[in-house]
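Asker: Pasting input.txt below, which is compact mmCIF, C-alpha atoms.
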# COMPACT_ATOMS: atom_id res chain seq x y z
CA MET S 1 97.61 129.91 87.64
CA LYS S 2 98.73 132.31 90.38
CA ASP S 3 98.03 129.77 93.15
CA THR S 4 99.60 126.92 91.15
CA GLY S 5 103.26 126.12 90.66
CA ILE S 6 106.17 123.71 90.46
CA VAL S 7 108.66 123.22 93.29
CA TYR S 8 112.22 121.89 93.10
CA ILE S 9 114.45 121.13 96.07
CA ALA S 10 118.19 121.03 95.37
CA THR S 11 121.11 120.94 97.79
CA GLY S 12 124.48 121.16 96.11
CA LYS S 13 125.54 123.10 93.00
CA LYS S 14 125.28 120.05 90.74
CA TYR S 15 121.62 119.53 91.62
CA VAL S 16 120.76 123.23 91.39
CA GLU S 17 122.08 123.20 87.82
CA GLU S 18 120.14 120.00 87.13
CA ALA S 19 116.95 121.59 88.50
CA ALA S 20 117.42 124.53 86.12
CA VAL S 21 117.49 122.15 83.13
CA SER S 22 114.28 120.48 84.30
CA ALA S 23 112.63 123.84 84.99
CA ARG S 24 113.44 125.04 81.47
CA SER S 25 111.73 121.95 80.05
CA ALA S 26 108.65 122.74 82.15
CA LYS S 27 108.60 126.39 81.02
CA GLU S 28 108.88 125.29 77.40
CA HIS S 29 105.52 123.52 77.64
CA MET S 30 103.92 125.74 80.30
CA PRO S 31 105.32 129.26 79.89
CA ASP S 32 102.81 130.67 82.39
CA ILE S 33 103.70 128.26 85.21
CA ARG S 34 105.42 129.63 88.29
CA ILE S 35 108.44 127.72 89.59
CA THR S 36 110.09 127.89 93.01
CA LEU S 37 113.50 126.51 93.92
CA PHE S 38 114.47 125.60 97.47
CA CYS S 39 118.27 125.38 97.60
CA ASP S 40 121.38 125.88 99.73
CA GLN S 41 123.25 128.05 97.22
CA THR S 42 123.96 131.66 98.13
CA ASP S 43 124.44 132.78 94.51
CA GLU S 44 120.74 133.26 93.91
CA GLU S 45 121.12 135.60 90.94
CA SER S 46 122.23 132.70 88.74
CA CYS S 47 118.87 131.03 89.45
CA ARG S 48 116.51 133.92 88.88
CA ALA S 49 116.62 133.68 85.09
CA ILE S 50 114.54 130.50 85.24
CA PHE S 51 113.02 130.33 88.75
CA ASP S 52 110.34 132.79 89.82
CA THR S 53 111.31 132.53 93.48
CA VAL S 54 114.31 131.08 95.30
CA ALA S 55 114.14 130.05 98.96
CA TYR S 56 117.09 129.10 101.12
CA VAL S 57 117.42 125.65 102.71
CA SER S 58 119.42 125.79 105.94
CA ASP S 59 121.53 122.94 107.34
CA PRO S 60 121.09 120.49 104.45
CA ASP S 61 122.80 117.11 104.57
CA GLY S 62 122.52 116.30 100.85
CA SER S 63 120.18 113.34 101.29
CA CYS S 64 116.54 112.71 100.50
CA ARG S 65 115.61 113.97 103.96
CA ASP S 66 116.22 117.52 102.64
CA LYS S 67 113.09 117.06 100.51
CA ILE S 68 110.33 116.76 103.08
CA ARG S 69 110.45 119.99 105.11
CA PRO S 70 110.38 122.44 102.13
CA LEU S 71 107.22 120.79 100.80
CA LEU S 72 105.42 122.19 103.83
CA ASP S 73 106.66 125.66 102.87
CA THR S 74 105.39 125.62 99.28
CA PRO S 75 104.08 129.06 98.28
CA TYR S 76 101.36 127.49 96.14
CA GLU S 77 97.89 126.16 96.92
CA ARG S 78 98.47 123.48 94.28
CA THR S 79 102.00 122.21 93.94
CA LEU S 80 103.78 119.85 91.59
CA PHE S 81 107.04 118.77 93.16
CA LEU S 82 109.65 117.45 90.71
CA ASP S 83 112.99 115.82 91.41
CA THR S 84 115.90 117.59 89.74
CA ASP S 85 116.51 114.63 87.38
CA THR S 86 113.10 114.96 85.72
CA PHE S 87 112.42 116.32 82.23
CA VAL S 88 109.02 117.60 81.15
CA LEU S 89 107.88 116.47 77.69
CA ALA S 90 104.34 117.91 77.57
CA PRO S 91 102.01 120.34 79.37
CA LEU S 92 100.95 119.11 82.82
CA TYR S 93 97.87 121.22 83.48
CA ASP S 94 95.76 118.07 83.79
CA ILE S 95 97.67 117.06 86.94
CA PHE S 96 96.68 120.33 88.62
CA LYS S 97 93.10 119.87 87.38
CA MET S 98 92.91 116.47 89.09
CA LEU S 99 93.54 118.23 92.40
CA ASP S 100 89.92 119.40 92.16
CA ARG S 101 88.99 115.84 93.15
CA PHE S 102 92.09 114.48 94.88
CA ASP S 103 94.45 115.75 97.58
CA ILE S 104 97.68 114.17 96.35
CA ALA S 105 98.89 112.28 93.29
CA LEU S 106 101.95 110.05 92.82
CA ALA S 107 102.99 107.12 90.63
CA HIS S 108 104.00 103.66 91.82
CA ALA S 109 107.69 103.10 92.46
CA PRO S 110 109.23 100.55 90.04
CA ASP S 111 110.74 98.84 93.09
CA ARG S 112 107.47 98.03 94.82
CA TYR S 113 109.32 98.47 98.08
CA GLN S 114 112.99 98.89 98.92
CA TYR S 115 112.44 98.54 102.65
CA HIS S 116 109.92 95.96 103.82
CA LEU S 117 107.22 97.02 106.27
CA PRO S 118 105.48 93.79 107.32
CA GLU S 119 102.57 95.63 108.95
CA LEU S 120 101.45 97.05 105.58
CA PRO S 121 99.76 94.95 102.87
CA ASP S 122 101.95 94.10 99.87
CA CYS S 123 99.31 95.48 97.50
CA PHE S 124 99.82 98.96 98.99
CA THR S 125 103.27 99.49 97.50
CA GLU S 126 105.73 102.36 97.69
CA LEU S 127 104.98 105.44 95.63
CA ASN S 128 107.82 107.26 93.93
CA SER S 129 108.57 110.53 95.70
CA GLY S 130 110.18 112.19 92.68
CA VAL S 131 106.89 113.48 91.28
CA ILE S 132 104.26 114.60 93.78
CA ALA S 133 101.23 116.76 93.03
CA PHE S 134 99.39 117.95 96.10
CA LYS S 135 96.88 120.42 97.43
CA LYS S 136 97.77 122.55 100.45
CA ASN S 137 94.98 121.49 102.78
CA GLU S 138 94.77 120.12 106.30
CA ALA S 139 94.91 116.46 105.28
CA VAL S 140 98.04 116.94 103.18
CA VAL S 141 99.81 119.12 105.77
CA ASP S 142 99.12 116.42 108.36
CA LEU S 143 100.47 113.81 105.94
CA LEU S 144 103.69 115.72 105.27
CA LYS S 145 104.28 116.25 108.98
CA ARG S 146 103.68 112.56 109.64
CA TRP S 147 106.04 111.64 106.78
CA GLU S 148 108.81 113.74 108.30
CA ALA S 149 108.26 112.34 111.80
CA VAL S 150 108.11 108.73 110.60
CA PHE S 151 111.23 109.23 108.47
CA TYR S 152 113.31 110.22 111.47
CA GLN S 153 111.71 107.58 113.67
CA MET S 154 112.54 104.80 111.21
CA LEU S 155 116.04 106.15 110.71
CA ALA S 156 116.64 106.14 114.47
CA GLU S 157 115.48 102.53 114.70
CA ASP S 158 117.49 101.32 111.69
CA ALA S 159 120.42 103.15 110.11
CA GLU S 160 119.72 101.30 106.84
CA SER S 161 116.36 103.03 106.69
CA HIS S 162 117.78 106.12 104.98
CA ARG S 163 115.48 106.36 101.97
CA ASP S 164 112.26 108.33 102.05
CA GLN S 165 109.70 106.26 100.18
CA HIS S 166 108.91 103.61 102.78
CA SER S 167 108.20 106.30 105.39
CA LEU S 168 106.00 108.06 102.80
CA ARG S 169 104.22 104.75 102.14
CA TYR S 170 103.55 104.35 105.85
CA ALA S 171 102.40 107.96 106.24
CA ILE S 172 99.97 107.81 103.29
CA TYR S 173 98.53 104.47 104.43
CA HIS S 174 97.70 105.98 107.83
CA SER S 175 96.43 109.29 106.44
CA ASP S 176 93.03 110.66 105.38
CA VAL S 177 94.15 112.02 102.01
CA ARG S 178 92.32 111.30 98.79
CA LEU S 179 95.07 109.59 96.81
CA LEU S 180 95.36 109.41 93.03
CA VAL S 181 97.90 106.94 91.65
CA LEU S 182 99.31 108.38 88.44
CA PRO S 183 100.10 106.15 85.46
CA PRO S 184 103.81 105.61 84.73
CA GLU S 185 103.73 108.07 81.84
CA TYR S 186 103.62 110.89 84.42
CA ASN S 187 106.73 109.63 86.19
CA PHE S 188 108.55 107.48 83.68
CA ARG S 189 111.57 106.00 85.45
CA THR S 190 114.46 105.12 83.16
CA ILE S 191 116.78 103.45 85.65
CA CYS S 192 114.97 100.16 85.03
CA PRO S 193 112.75 98.52 82.39
CA ASN S 194 109.46 100.36 82.12
CA PHE S 195 106.18 100.28 80.22
CA ALA S 196 104.32 103.08 78.46
CA GLY S 197 100.67 102.37 77.74
CA LYS S 198 98.87 102.58 74.44
CA ASN S 199 97.47 105.97 73.40
CA CYS S 200 99.31 107.83 76.17
CA ALA S 201 102.43 109.91 75.67
CA VAL S 202 105.17 109.97 78.28
CA LYS S 203 104.86 113.39 79.91
CA ILE S 204 107.56 113.33 82.60
CA LEU S 205 110.84 111.53 82.02
CA HIS S 206 112.60 110.65 85.29
CA GLY S 207 116.28 109.76 84.92
CA ARG S 208 119.61 111.21 83.89
CA HIS S 209 120.50 111.31 80.19
CA ALA S 210 122.89 113.22 77.98
CA ASP S 211 119.91 114.28 75.85
CA SER S 212 116.57 113.81 77.63
CA SER S 213 114.61 115.43 74.80
CA LYS S 214 115.96 112.80 72.39
CA VAL S 215 114.99 109.95 74.72
CA GLY S 216 111.53 111.46 75.17
CA ALA S 217 111.04 111.88 71.43
CA LYS S 218 111.98 108.26 70.88
CA LEU S 219 109.58 107.08 73.58
CA ASN S 220 106.73 109.12 72.11
CA ARG S 221 107.42 108.27 68.48
CA SER S 222 104.67 105.65 68.69
CA LYS S 223 101.25 105.68 70.33
CA GLY S 224 101.34 101.93 70.78
CA ALA S 225 102.20 100.10 73.98
CA ARG S 226 105.97 100.42 74.43
CA VAL S 227 108.56 98.61 76.51
CA PHE S 228 111.56 100.65 77.59
CA LEU S 229 114.91 98.98 78.24
CA GLU S 230 117.80 100.79 79.90
CA ASN S 231 121.02 100.78 77.87
CA PRO S 232 120.17 97.73 75.75
CA TYR S 233 123.43 98.01 73.83
CA LYS S 234 125.55 99.53 76.56
CA THR S 235 128.83 98.23 75.18
CA ILE S 236 128.11 99.72 71.74
CA THR S 237 126.24 102.96 72.33
CA ASP S 238 125.02 105.22 75.10
CA ASP S 239 121.65 105.59 73.39
CA LEU S 240 118.46 104.34 75.08
CA ALA S 241 115.81 102.52 73.12
CA THR S 242 112.17 101.55 73.02
CA TYR S 243 111.08 98.39 71.28
CA GLU S 244 108.06 97.38 69.25
CA SER S 245 107.90 94.56 66.71
CA LEU S 246 108.49 95.77 63.15
CA ALA S 247 105.22 94.28 61.90
CA LYS S 248 103.16 95.79 64.71
CA SER S 249 104.94 99.12 64.43
CA THR S 250 104.18 99.26 60.70
CA MET S 251 100.53 98.34 61.23
CA ASN S 252 100.18 100.97 63.97
CA LYS S 253 101.60 103.66 61.70
CA ILE S 254 99.20 102.69 58.89
CA PHE S 255 96.26 102.64 61.30
CA GLU S 256 97.16 106.04 62.79
CA SER S 257 97.29 107.58 59.31
CA LEU S 258 93.65 106.65 58.62
CA PRO S 259 90.75 109.07 59.23
CA VAL S 260 89.46 108.95 62.81
CA GLY S 261 86.02 107.72 61.70
CA LEU S 262 87.54 104.82 59.83
CA GLN S 263 89.78 104.01 62.81
CA LYS S 264 86.66 103.71 65.01
CA LYS S 265 84.85 101.48 62.50
CA LEU S 266 87.84 99.15 62.20
CA SER S 267 88.24 99.04 65.98
CA ASN S 268 84.56 98.10 66.38
CA MET S 269 84.86 95.40 63.70
CA ARG S 270 87.91 93.95 65.45
CA HIS S 271 86.14 93.99 68.82
CA ASN S 272 83.02 92.31 67.41
CA PHE S 273 85.10 89.66 65.67
CA SER S 274 87.18 88.95 68.81
CA SER S 275 84.10 88.61 71.02
CA ARG S 276 82.50 85.92 68.87
Before we go any further, please render this structure as structure tokens.

Answerer:
Amino acid sequence: MKDTGIVYIATGKKYVEEAAVSARSAKEHMPDIRITLFCDQTDEESCRAIFDTVAYVSDPDGSCRDKIRPLLDTPYERTLFLDTDTFVLAPLYDIFKMLDRFDIALAHAPDRYQYHLPELPDCFTELNSGVIAFKKNEAVVDLLKRWEAVFYQMLAEDAESHRDQHSLRYAIYHSDVRLLVLPPEYNFRTICPNFAGKNCAVKILHGRHADSSKVGAKLNRSKGARVFLENPYKTITDDLATYESLAKSTMNKIFESLPVGLQKKLSNMRHNFSSR
């Protein structure tokens, strides 16, 4: 794992502290993973308990534009970049393994695009820039440089173009990278309704919560398909909930308690019956 690691970029004390919480969740599931923090804080000693290396970001402006340049300076051959408001719920070695076949991996953004680019097809939507796995090769370096250049170009043309995902969308579309689109369970946004697929646990929670581990445990309590709703009872409680019908939830629990061989036989019987 010496050439593999996680990178956080945080400008401002609040976000450095938030990155430390996320990094601890990553270390809990991957104790051998190396983690680097790019930040603007001079008190580096407070960071070294959790981060393996700390690099200084000069002249930050506290916006998403601070993110792009440090990605080019990653010390790892294979990097998983995580926003500071992420929380790791499971080991993520499989993401690094996929970089054997792909150059870069991201999940779709829940907002398919926040800034319309009419020259790009609607089916090639924005990808969320809060979780990015990438290999340090020529194609990716070229992509990151193009992303940075396009970001500033778009910002100069339109002051409202201050987010980073539409410039990333443009840069990837015009790049030569081998792109893997991750399922939402690897970048599970909780600022909007979301869907977790059957038989797949949520591995990266992406959103701010008083107790992210509690939210993650609730999401992964079932292996069935789950719909997530943000603050469904906001006036009553601050808790977040996932929903599944009581009948289906009960049946899923009974099914999951059966021996694997019997589960397969029942699944085949159901498939054969449905196809008649």

Asker: Near range 197-206 of chain S, counting all atoms listed in the file, which residues have an atom at most 9 Å away, once you skip same-chain residues fewer than 2 positions from it, shown as JSON, numbers by chain?

Answerer: {"S": [83, 84, 85, 86, 87, 88, 89, 90, 91, 92, 130, 131, 183, 184, 185, 186, 187, 188, 189, 190, 191, 195, 208, 212, 215, 216, 219, 220, 221, 222, 223, 224, 225, 226, 227]}

Asker: As an exercise, work out the distance from CA of Leu82 in chain S to CA of Thr125 in chain S in Å and give it to one decimal place.

Answerer: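 Taking CA of Leu82 in chain S and CA of Thr125 in chain S, their separation equals 20.2 Å.
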
Asker: Work out how far apart CA of Ala19 in chain S and CA of Pro31 in chain S are and give it in Å to one decimal.

Answerer: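 Computed distance, CA of Ala19 in chain S to CA of Pro31 in chain S, equals 16.4 Å.
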
Asker: Taking only C-alpha atoms into account, name the residue in S:Cys192, S:Ile35, S:Leu127, S:Ala159 that is nearest to Tyr113 in chain S.

Answerer: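 Closest to Tyr113 in chain S of all the choices is S:Leu127.
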
Asker: Which value, in Å to one decimal, gives the distance between CA of Thr53 in chain S and CA of Val7 in chain S?

Answerer: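 Distance reported for this atom pair: 9.7 Å.
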
Asker: Select, from S:Asp103, S:Asp164, S:Asp122, S:Asp158, the residue with the minimum atom-to-atom distance to Val140 in chain S, counting only C-alpha atoms.

Answerer: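 Smallest separation from Val140 in chain S among the options: S:Asp103.
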
Asker: Dig up all the protein and nucleic acid residues within 10 Å of (103.4, 124.1, 103.9) in the file frame, using all atoms listed in the file, and format them as a count of residues only.

Answerer: 18

Asker: Can you tell me which residues surround His162 in chain S at a distance of at most 12 Å, considering all atoms listed in the file, apart from same-chain residues fewer than 4 positions away, and format the answer as a list in words?

Answerer: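 Answer for this query is Gly62, Ser63, Cys64, Arg65, Asp66, Gln114, Tyr115, Val150, Phe151, Tyr152, Gln153, Met154, Leu155, Ala156, Glu157, Asp158, His166 and Ser167 of chain S.
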
Asker: Edge lengths and centre in Å to one decimal, as lines of an AutoDock Vina configuration file, of the axis-aligned box that encloses all listed atoms of range 4-7 of chain S with 6 Å added on every side?

Answerer:
center_x = 104.1
center_y = 125.1
center_z = 91.9
size_x = 21.1
size_y = 15.7
size_z = 14.8

Asker: Go through S:Ala133, S:Arg163, S:Ile104, S:Ala26 and flag the residue nearest Asp176 in chain S, using all atoms listed in the file for the distances.

Answerer: S:Ile104
